[in-house]
$ cat structure-v9.cif   # mmCIF, C-alpha atoms
data_protein
#
loop_
_atom_site.label_atom_id
_atom_site.label_comp_id
_atom_site.auth_asym_id
_atom_site.auth_seq_id
_atom_site.Cartn_x
_atom_site.Cartn_y
_atom_site.Cartn_z
CA SER I 1 241.60 303.48 54.95
CA PRO I 2 244.07 305.04 57.36
CA PHE I 3 247.49 303.78 58.33
CA PHE I 4 248.74 303.74 61.89
CA VAL I 5 252.13 304.65 63.28
CA TYR I 6 252.70 303.04 66.65
CA ILE I 7 255.22 302.58 69.43
CA LEU I 8 255.53 299.34 71.39
CA SER I 9 257.26 298.98 74.73
CA SER I 10 258.76 295.86 76.29
CA HIS I 11 258.70 295.07 80.01
CA THR I 12 262.34 296.20 80.09
CA GLY I 13 261.46 299.52 78.45
CA THR I 14 262.79 298.90 74.94
CA LEU I 15 260.79 300.97 72.41
CA TYR I 16 259.89 299.81 68.91
CA THR I 17 258.33 302.11 66.29
CA GLY I 18 256.35 300.66 63.40
CA MET I 19 253.50 301.27 60.97
CA THR I 20 250.55 299.16 59.86
CA ARG I 21 247.13 299.31 58.28
CA ASP I 22 245.66 296.81 60.78
CA VAL I 23 246.68 297.46 64.39
CA ALA I 24 244.86 294.45 65.88
CA ARG I 25 246.43 291.98 63.45
CA ARG I 26 249.89 293.55 63.85
CA MET I 27 249.60 293.40 67.65
CA ASP I 28 248.71 289.71 67.46
CA GLN I 29 251.88 289.17 65.42
CA HIS I 30 254.02 291.12 67.90
CA LYS I 31 252.54 289.43 70.97
CA SER I 32 252.95 285.95 69.48
CA GLY I 33 256.61 286.70 68.65
CA ASN I 34 256.00 286.86 64.88
CA GLY I 35 256.33 290.62 64.55
CA GLY I 36 259.88 290.44 63.27
CA ASP I 37 263.33 289.82 64.71
CA PHE I 38 263.48 292.97 66.79
CA SER I 39 260.14 292.61 68.54
CA SER I 40 260.55 288.88 69.21
CA GLN I 41 264.05 289.47 70.60
CA TYR I 42 262.96 292.28 72.92
CA LYS I 43 259.38 291.11 73.60
CA THR I 44 257.94 294.51 72.69
CA GLY I 45 254.35 293.56 73.46
CA ASN I 46 252.65 296.70 74.82
CA LEU I 47 251.06 299.19 72.44
CA VAL I 48 251.84 302.46 74.24
CA TYR I 49 251.33 304.94 71.40
CA CYS I 50 249.28 304.95 68.22
CA GLU I 51 248.26 307.63 65.75
CA SER I 52 246.39 307.43 62.47
CA VAL I 53 247.62 309.06 59.28
CA GLU I 54 245.92 309.30 55.92
CA SER I 55 248.31 307.57 53.56
CA PHE I 56 251.09 305.03 53.26
CA GLU I 57 253.50 307.84 52.36
CA SER I 58 252.69 309.95 55.41
CA ALA I 59 252.86 306.85 57.65
CA ARG I 60 256.28 305.95 56.28
CA GLU I 61 257.47 309.54 56.75
CA ARG I 62 256.13 309.76 60.30
CA GLU I 63 257.59 306.36 61.26
CA ALA I 64 261.01 307.44 59.94
CA GLN I 65 260.73 310.76 61.82
CA ILE I 66 259.96 309.06 65.15
CA LYS I 67 262.70 306.48 64.60
CA ARG I 68 265.22 309.33 64.26
CA TRP I 69 264.17 310.78 67.62
CA ASN I 70 266.09 309.98 70.77
CA ARG I 71 264.53 307.97 73.57
CA LEU I 72 263.53 311.01 75.66
CA LYS I 73 261.58 312.53 72.80
CA LYS I 74 259.77 309.22 72.17
CA ILE I 75 258.89 309.02 75.87
CA TRP I 76 257.56 312.59 75.67
CA LEU I 77 255.36 311.62 72.71
CA ILE I 78 254.02 308.53 74.49
CA GLU I 79 253.28 310.37 77.73
CA LEU I 80 251.41 313.19 75.95
CA SER I 81 248.55 310.81 75.26
CA ASN I 82 249.30 307.85 77.53
CA PRO I 83 250.88 309.09 80.78
CA TYR I 84 250.41 305.75 82.56
CA TRP I 85 251.80 303.65 79.69
CA ARG I 86 248.60 301.59 79.44
CA ASP I 87 248.62 298.83 76.86
CA LEU I 88 246.33 300.43 74.27
CA SER I 89 245.88 297.12 72.47
CA ALA I 90 243.50 296.18 75.31
CA SER I 91 241.09 298.82 73.99
CA ILE I 92 238.24 297.95 71.62
CA GLU I 93 239.45 300.34 68.97
CA PHE I 94 242.64 298.25 68.61
CA GLY I 95 241.01 294.83 68.84
CA GLY I 96 240.78 294.44 72.62
CA ALA I 97 237.89 294.33 75.08
CA GLU I 98 238.00 297.72 76.82
CA PRO I 99 236.90 301.11 75.51
CA LEU I 100 239.80 303.52 75.05
CA ILE I 101 239.66 306.08 77.85
CA THR I 102 239.76 309.60 76.44
CA THR I 103 238.54 311.72 79.34
CA GLU I 104 239.71 315.23 80.12
CA GLY I 105 243.42 315.45 80.75
CA PRO I 106 246.54 313.98 79.20
CA SER I 107 244.88 311.00 77.50
CA ALA I 108 242.17 313.08 75.80
CA GLY I 109 242.30 312.90 72.03
CA VAL I 110 244.43 309.77 71.68
CA GLY I 111 244.87 308.94 68.01
CA THR I 112 243.81 312.35 66.75
CA TYR I 113 247.31 313.55 65.93
CA LYS I 114 247.42 315.66 62.79
CA HIS I 115 250.67 315.59 60.87
CA HIS I 116 252.40 318.97 60.82
CA ALA I 117 255.38 319.63 58.62
CA THR I 118 258.50 320.21 60.72
#
$ encode --input "structure-v9.cif" --output "structure tokens"
Amino acid sequence: SPFFVYILSSHTGTLYTGMTRDVARRMDQHKSGNGGDFSSQYKTGNLVYCESVESFESAREREAQIKRWNRLKKIWLIELSNPYWRDLSASIEFGGAEPLITTEGPSAGVGTYKHHAT
């Protein structure tokens, strides 16, 4: 089963990058303040970016890569697929109630990122 690399945003704009096998369960942990020291301190509750990768190794690599990026590059990545910074955890695919909107335009193809060697 795939792994997911994700970025959370707090209401103050702090970004947190993580990886998980189960997005819905991990989001419950983050939103209840049990996601770890960083996310409970900064209240990083909104899932603003998520991509699936095939293995633990590639998820760990991709998470480390994104964590090395500066803030502007992370914002660029988020806005490629989620220009309005919607909380993606509200979508069915990540355990919420709404279908994920992937119409034409910037949000098309959310979660279909293919890992390219850099």
$ resolve_selection --input "structure-v9.cif" --expression "the PyMOL selection byres ((chain I and resi 15) around 9)" --output "CSV table (one decimal) with C-alpha atoms, in the coordinates of the input"
chain,number,residue,atom,x,y,z
I,7,ILE,CA,255.2,302.6,69.4
I,8,LEU,CA,255.5,299.3,71.4
I,9,SER,CA,257.3,299.0,74.7
I,10,SER,CA,258.8,295.9,76.3
I,13,GLY,CA,261.5,299.5,78.4
I,14,THR,CA,262.8,298.9,74.9
I,16,TYR,CA,259.9,299.8,68.9
I,17,THR,CA,258.3,302.1,66.3
I,42,TYR,CA,263.0,292.3,72.9
I,44,THR,CA,257.9,294.5,72.7
I,71,ARG,CA,264.5,308.0,73.6
I,74,LYS,CA,259.8,309.2,72.2
I,75,ILE,CA,258.9,309.0,75.9
$ atom_distance --input "structure-v9.cif" --atom1 "atom CA of I:Met27" --atom2 "atom CA of I:Ser58"
20.8 Å
$ closest_residue --input "structure-v9.cif" --among "I:Arg26, I:Glu61, I:Ser91, I:Leu72" --to "I:Gly45" --atoms "only C-alpha atoms"
I:Arg26
$ resolve_selection --input "structure-v9.cif" --expression "the PyMOL selection byres ((chain I and resi 78-80) around 8)" --output "compact mmCIF listing (two decimals) with C-alpha atoms, keeping the file's coordinate frame"
# COMPACT_ATOMS: atom_id res chain seq x y z
CA ILE I 7 255.22 302.58 69.43
CA VAL I 48 251.84 302.46 74.24
CA TYR I 49 251.33 304.94 71.40
CA LYS I 74 259.77 309.22 72.17
CA ILE I 75 258.89 309.02 75.87
CA TRP I 76 257.56 312.59 75.67
CA LEU I 77 255.36 311.62 72.71
CA SER I 81 248.55 310.81 75.26
CA ASN I 82 249.30 307.85 77.53
CA PRO I 83 250.88 309.09 80.78
CA TYR I 84 250.41 305.75 82.56
CA TRP I 85 251.80 303.65 79.69
CA PRO I 106 246.54 313.98 79.20
CA SER I 107 244.88 311.00 77.50
$ closest_residue --input "structure-v9.cif" --among "I:Asp28, I:Thr12, I:Glu98, I:Met19" --to "I:Lys67" --atoms "all atoms listed in the file"
I:Met19
$ resolve_selection --input "structure-v9.cif" --expression "the PyMOL selection byres ((chain I and resi 59) around 10)" --output "MDAnalysis selection string"
chainID I and resid 2:6 18:21 51:58 60:65 115
$ closest_residue --input "structure-v9.cif" --among "I:Asn70, I:Phe94, I:Asp87, I:His11" --to "I:Val23" --atoms "all atoms listed in the file"
I:Phe94
$ closest_residue --input "structure-v9.cif" --among "I:Arg86, I:Gly96, I:Lys73, I:Arg68" --to "I:Arg25" --atoms "all atoms listed in the file"
I:Gly96
$ axis_aligned_box --input "structure-v9.cif" --around "stretch 58-68 of chain I" --padding-each-side "6 Å" --output "JSON"
{"center_x": 259.0, "center_y": 308.4, "center_z": 60.3, "size_x": 24.5, "size_y": 16.8, "size_z": 21.7}
$ build_atoms --input "structure-v9.cif" --residues "stretch 59-88 of chain I" --atoms "N, CA and C atoms" --output "mmCIF file, in the coordinates of the input"
data_model
loop_
_atom_site.group_PDB
_atom_site.id
_atom_site.type_symbol
_atom_site.label_atom_id
_atom_site.label_comp_id
_atom_site.auth_asym_id
_atom_site.auth_seq_id
_atom_site.Cartn_x
_atom_site.Cartn_y
_atom_site.Cartn_z
ATOM 1 N N ALA I 59 252.520 307.792 56.579
ATOM 2 C CA ALA I 59 252.860 306.850 57.650
ATOM 3 C C ALA I 59 254.348 306.521 57.623
ATOM 4 N N ARG I 60 254.860 306.293 56.410
ATOM 5 C CA ARG I 60 256.280 305.950 56.280
ATOM 6 C C ARG I 60 257.161 307.116 56.737
ATOM 7 N N GLU I 61 256.744 308.329 56.362
ATOM 8 C CA GLU I 61 257.470 309.540 56.750
ATOM 9 C C GLU I 61 257.469 309.726 58.264
ATOM 10 N N ARG I 62 256.282 309.561 58.855
ATOM 11 C CA ARG I 62 256.130 309.760 60.300
ATOM 12 C C ARG I 62 256.896 308.683 61.073
ATOM 13 N N GLU I 63 256.840 307.443 60.610
ATOM 14 C CA GLU I 63 257.590 306.360 61.260
ATOM 15 C C GLU I 63 259.093 306.677 61.234
ATOM 16 N N ALA I 64 259.585 307.122 60.076
ATOM 17 C CA ALA I 64 261.010 307.440 59.940
ATOM 18 C C ALA I 64 261.381 308.602 60.866
ATOM 19 N N GLN I 65 260.479 309.596 60.950
ATOM 20 C CA GLN I 65 260.730 310.760 61.820
ATOM 21 C C GLN I 65 260.873 310.317 63.273
ATOM 22 N N ILE I 66 259.921 309.510 63.752
ATOM 23 C CA ILE I 66 259.960 309.060 65.150
ATOM 24 C C ILE I 66 261.183 308.187 65.398
ATOM 25 N N LYS I 67 261.526 307.339 64.432
ATOM 26 C CA LYS I 67 262.700 306.480 64.600
ATOM 27 C C LYS I 67 263.994 307.285 64.736
ATOM 28 N N ARG I 68 264.031 308.473 64.140
ATOM 29 C CA ARG I 68 265.220 309.330 64.260
ATOM 30 C C ARG I 68 265.307 309.995 65.638
ATOM 31 N N TRP I 69 264.185 310.092 66.327
ATOM 32 C CA TRP I 69 264.170 310.780 67.620
ATOM 33 C C TRP I 69 264.939 309.975 68.657
ATOM 34 N N ASN I 70 265.458 310.701 69.665
ATOM 35 C CA ASN I 70 266.090 309.980 70.770
ATOM 36 C C ASN I 70 265.008 309.459 71.712
ATOM 37 N N ARG I 71 265.444 308.655 72.649
ATOM 38 C CA ARG I 71 264.530 307.970 73.570
ATOM 39 C C ARG I 71 263.665 308.956 74.357
ATOM 40 N N LEU I 72 264.289 310.047 74.840
ATOM 41 C CA LEU I 72 263.530 311.010 75.660
ATOM 42 C C LEU I 72 262.386 311.629 74.882
ATOM 43 N N LYS I 73 262.626 311.921 73.612
ATOM 44 C CA LYS I 73 261.580 312.530 72.800
ATOM 45 C C LYS I 73 260.452 311.534 72.533
ATOM 46 N N LYS I 74 260.805 310.251 72.344
ATOM 47 C CA LYS I 74 259.770 309.220 72.170
ATOM 48 C C LYS I 74 258.941 309.087 73.439
ATOM 49 N N ILE I 75 259.600 309.110 74.588
ATOM 50 C CA ILE I 75 258.890 309.020 75.870
ATOM 51 C C ILE I 75 257.934 310.205 76.022
ATOM 52 N N TRP I 76 258.409 311.394 75.634
ATOM 53 C CA TRP I 76 257.560 312.590 75.670
ATOM 54 C C TRP I 76 256.308 312.392 74.818
ATOM 55 N N LEU I 77 256.488 311.845 73.615
ATOM 56 C CA LEU I 77 255.360 311.620 72.710
ATOM 57 C C LEU I 77 254.363 310.627 73.323
ATOM 58 N N ILE I 78 254.878 309.541 73.867
ATOM 59 C CA ILE I 78 254.020 308.530 74.490
ATOM 60 C C ILE I 78 253.227 309.139 75.648
ATOM 61 N N GLU I 79 253.918 309.889 76.499
ATOM 62 C CA GLU I 79 253.280 310.370 77.730
ATOM 63 C C GLU I 79 252.313 311.527 77.485
ATOM 64 N N LEU I 80 252.403 312.171 76.306
ATOM 65 C CA LEU I 80 251.410 313.190 75.950
ATOM 66 C C LEU I 80 250.009 312.601 75.961
ATOM 67 N N SER I 81 249.872 311.408 75.395
ATOM 68 C CA SER I 81 248.550 310.810 75.260
ATOM 69 C C SER I 81 248.337 309.610 76.176
ATOM 70 N N ASN I 82 249.413 309.068 76.731
ATOM 71 C CA ASN I 82 249.300 307.850 77.530
ATOM 72 C C ASN I 82 250.239 307.923 78.737
ATOM 73 N N PRO I 83 249.932 308.817 79.680
ATOM 74 C CA PRO I 83 250.880 309.090 80.780
ATOM 75 C C PRO I 83 251.151 307.876 81.661
ATOM 76 N N TYR I 84 250.218 306.923 81.694
ATOM 77 C CA TYR I 84 250.410 305.750 82.560
ATOM 78 C C TYR I 84 250.909 304.536 81.790
ATOM 79 N N TRP I 85 251.247 304.726 80.512
ATOM 80 C CA TRP I 85 251.800 303.650 79.690
ATOM 81 C C TRP I 85 250.865 302.436 79.678
ATOM 82 N N ARG I 86 249.553 302.693 79.569
ATOM 83 C CA ARG I 86 248.600 301.590 79.440
ATOM 84 C C ARG I 86 248.835 300.871 78.126
ATOM 85 N N ASP I 87 248.534 299.579 78.104
ATOM 86 C CA ASP I 87 248.620 298.830 76.860
ATOM 87 C C ASP I 87 247.363 299.136 76.046
ATOM 88 N N LEU I 88 247.492 299.978 75.039
ATOM 89 C CA LEU I 88 246.330 300.430 74.270
ATOM 90 C C LEU I 88 245.708 299.306 73.452
#
